[in-house]
Amino acid sequence: MSYMNQSQPNTHQPYANAYQHDGKSAETRNLKPGELSTGTTIMAIPFENGVVLGADSRVSTGTYVANRVSDKVAQLHDRIWCCRSGSAADTQALTDYVRHYLSQLAIETGRAPTVKTAAHLMRRLCYENKDNLMAGVIVGGWDPVEKGSVYNIPLGGTCIKMPFAIGGSGSTYIYGLVDSLYKEGMGEEEAKQLVKKSISHAMARDGSSGGVIRTVVVKEDGNTREYIPGNELPFGP
């Protein structure tokens with residue numbers, strides 16, 4: 001029998017079996033058993049006389065939206081606020097602790113605490129419990145010392161004063177947008193429009209961000225909260 005007539009074994013796999021999709025996205029593929037993906041977009045920009053903070057409103061547990069109109073912008077003291085991302089339970093506990101400590105401090109010293117003090121309290125709680133927490137927080141507000149200021153506390157408990165801060169799963173989609181549009185010395189209206197535009201872009205791209213946008217403008221003379229419903233966002237999908 002010649003070599004040409006010998007039958008060769010079929011080593012090729014059928015195309016259908018070459019790739020099997022596991023049903024997981026890049027965001028959920030590396031989660032531990034029983035762990036759920038959570039997502040958010042949060043942002044804060046200081047301006048001359050205060051700070052604008054904003055966040056989306058979607059709370060997700062994996063692919064299920066547990067709450068579509070949650071409030072991720074929490075008040076810590078009269079002129080100090082924070083935006084929460086990560087585990088809703090963890091960040092609610094953290095804001096409760098910091099709110100309690102700041103109110104105690106204000107009574108003991110007889111004056112309002114600074115934003116820096118609030119940020120370092122939050123940083124200490126996040127850092128010393130980092131093995132048990134999933135929390136990324138932006139603390140911002142107005143005080144007589146630094147006027148409007150913003151501190152970013154990402155996962156792990158680092159605390160950095162920032163010219164602006166963005167966080168959460170949706171923030172990765174808008175770094176380029178914010179870098180191109182942000183400039184030093186922005187006015188209140190400019191900062192507010194940039195926060196709304198950036199968060200709405202992130203909500204359009206990130207499946208874990210959505211719902212409505214909630215903002216708060218913090219100034220010496222008070223706090224102004226605003227709500228932008230989903231059908232009136234500056235940018236849509």
# chains A, B, ... in the order shown; residues from 1 in each chain; ligands from 1
call {"tool": "residues_around", "arguments": {"residues": "Gly207 (chain A)", "least_positions_apart": "6", "cutoff": "9 Å", "atoms": "only C-alpha atoms", "output": "list in words"}}
result
Gly39, Thr63 and Gly170 of chain A
call {"tool": "select_by_dssp", "arguments": {"residues": "region 82-170 of chain A", "states": "alpha helix (DSSP H)", "output": "VMD selection string"}}
result
chain A and resid 88 to 109 115 to 128
call {"tool": "write_last_selection", "arguments": {"atoms": "C-alpha atoms", "output": "PDB file, in the first residue's frame"}}
result
ATOM      1  CA  ALA A  88     -23.848  49.391  49.726  1.00  0.00           C
ATOM      2  CA  ALA A  89     -23.862  47.811  53.209  1.00  0.00           C
ATOM      3  CA  ASP A  90     -20.181  48.609  53.858  1.00  0.00           C
ATOM      4  CA  THR A  91     -20.405  52.221  52.722  1.00  0.00           C
ATOM      5  CA  GLN A  92     -23.629  52.840  54.665  1.00  0.00           C
ATOM      6  CA  ALA A  93     -21.924  51.563  57.821  1.00  0.00           C
ATOM      7  CA  LEU A  94     -18.858  53.731  57.155  1.00  0.00           C
ATOM      8  CA  THR A  95     -20.887  56.911  56.599  1.00  0.00           C
ATOM      9  CA  ASP A  96     -22.874  56.230  59.781  1.00  0.00           C
ATOM     10  CA  TYR A  97     -19.639  55.906  61.798  1.00  0.00           C
ATOM     11  CA  VAL A  98     -18.057  59.049  60.305  1.00  0.00           C
ATOM     12  CA  ARG A  99     -21.269  61.054  60.773  1.00  0.00           C
ATOM     13  CA  HIS A 100     -21.326  60.001  64.460  1.00  0.00           C
ATOM     14  CA  TYR A 101     -17.635  60.839  65.029  1.00  0.00           C
ATOM     15  CA  LEU A 102     -17.938  64.239  63.306  1.00  0.00           C
ATOM     16  CA  SER A 103     -20.975  65.238  65.347  1.00  0.00           C
ATOM     17  CA  GLN A 104     -19.114  64.248  68.534  1.00  0.00           C
ATOM     18  CA  LEU A 105     -16.061  66.236  67.440  1.00  0.00           C
ATOM     19  CA  ALA A 106     -18.156  69.320  66.650  1.00  0.00           C
ATOM     20  CA  ILE A 107     -19.715  69.231  70.136  1.00  0.00           C
ATOM     21  CA  GLU A 108     -16.355  68.711  71.901  1.00  0.00           C
ATOM     22  CA  THR A 109     -14.464  71.441  70.008  1.00  0.00           C
ATOM     23  CA  VAL A 115     -13.389  68.236  55.125  1.00  0.00           C
ATOM     24  CA  LYS A 116      -9.810  67.000  55.680  1.00  0.00           C
ATOM     25  CA  THR A 117     -10.759  65.675  59.139  1.00  0.00           C
ATOM     26  CA  ALA A 118     -13.789  63.851  57.698  1.00  0.00           C
ATOM     27  CA  ALA A 119     -11.688  62.356  54.885  1.00  0.00           C
ATOM     28  CA  HIS A 120      -9.003  61.103  57.285  1.00  0.00           C
ATOM     29  CA  LEU A 121     -11.604  59.572  59.590  1.00  0.00           C
ATOM     30  CA  MET A 122     -13.062  57.747  56.590  1.00  0.00           C
ATOM     31  CA  ARG A 123      -9.548  56.783  55.451  1.00  0.00           C
ATOM     32  CA  ARG A 124      -8.680  55.313  58.842  1.00  0.00           C
ATOM     33  CA  LEU A 125     -11.822  53.177  58.956  1.00  0.00           C
ATOM     34  CA  CYS A 126     -11.287  51.985  55.351  1.00  0.00           C
ATOM     35  CA  TYR A 127      -7.581  51.242  55.781  1.00  0.00           C
ATOM     36  CA  GLU A 128      -7.756  49.457  59.124  1.00  0.00           C
TER      37      GLU A 128
END
call {"tool": "residues_around", "arguments": {"residues": "Val73 (chain A)", "least_positions_apart": "6", "cutoff": "10 Å", "atoms": "only C-alpha atoms", "output": "list in words"}}
result
Ile42, Met43, Leu53, Gly54, Ala55, Asp56, Ser57, Trp81, Cys82, Cys83, Arg84, Ser85, Ile138, Val139, Arg214, Thr215, Val216 and Arg225 of chain A
call {"tool": "closest_residue", "arguments": {"among": "A:Asp131, A:Tyr64, A:Pro144, A:Thr40", "to": "Asp221 (chain A)", "atoms": "only C-alpha atoms"}}
result
A:Pro144
call {"tool": "select_by_dssp", "arguments": {"residues": "region 125-195 of chain A", "states": "strand (DSSP E or B)", "output": "list in words"}}
result
Ala135, Gly136, Val137, Ile138, Val139, Gly140, Gly141, Trp142, Asp143, Lys147, Gly148, Ser149, Val150, Tyr151, Asn152, Ile153, Ile160, Lys161, Met162, Ala165, Ile166 and Gly167 of chain A
call {"tool": "closest_residue", "arguments": {"among": "A:Gly230, A:Trp142, A:Ala112, A:Ile213", "to": "Lys196 (chain A)", "atoms": "only C-alpha atoms"}}
result
A:Ile213
call {"tool": "closest_residue", "arguments": {"among": "A:Ile228, A:Val150, A:Ala202, A:Val137", "to": "Thr114 (chain A)", "atoms": "only C-alpha atoms"}}
result
A:Val150
call {"tool": "closest_residue", "arguments": {"among": "A:Asn67, A:Gln75, A:Ser208, A:Thr41", "to": "Gly136 (chain A)", "atoms": "only C-alpha atoms"}}
result
A:Thr41
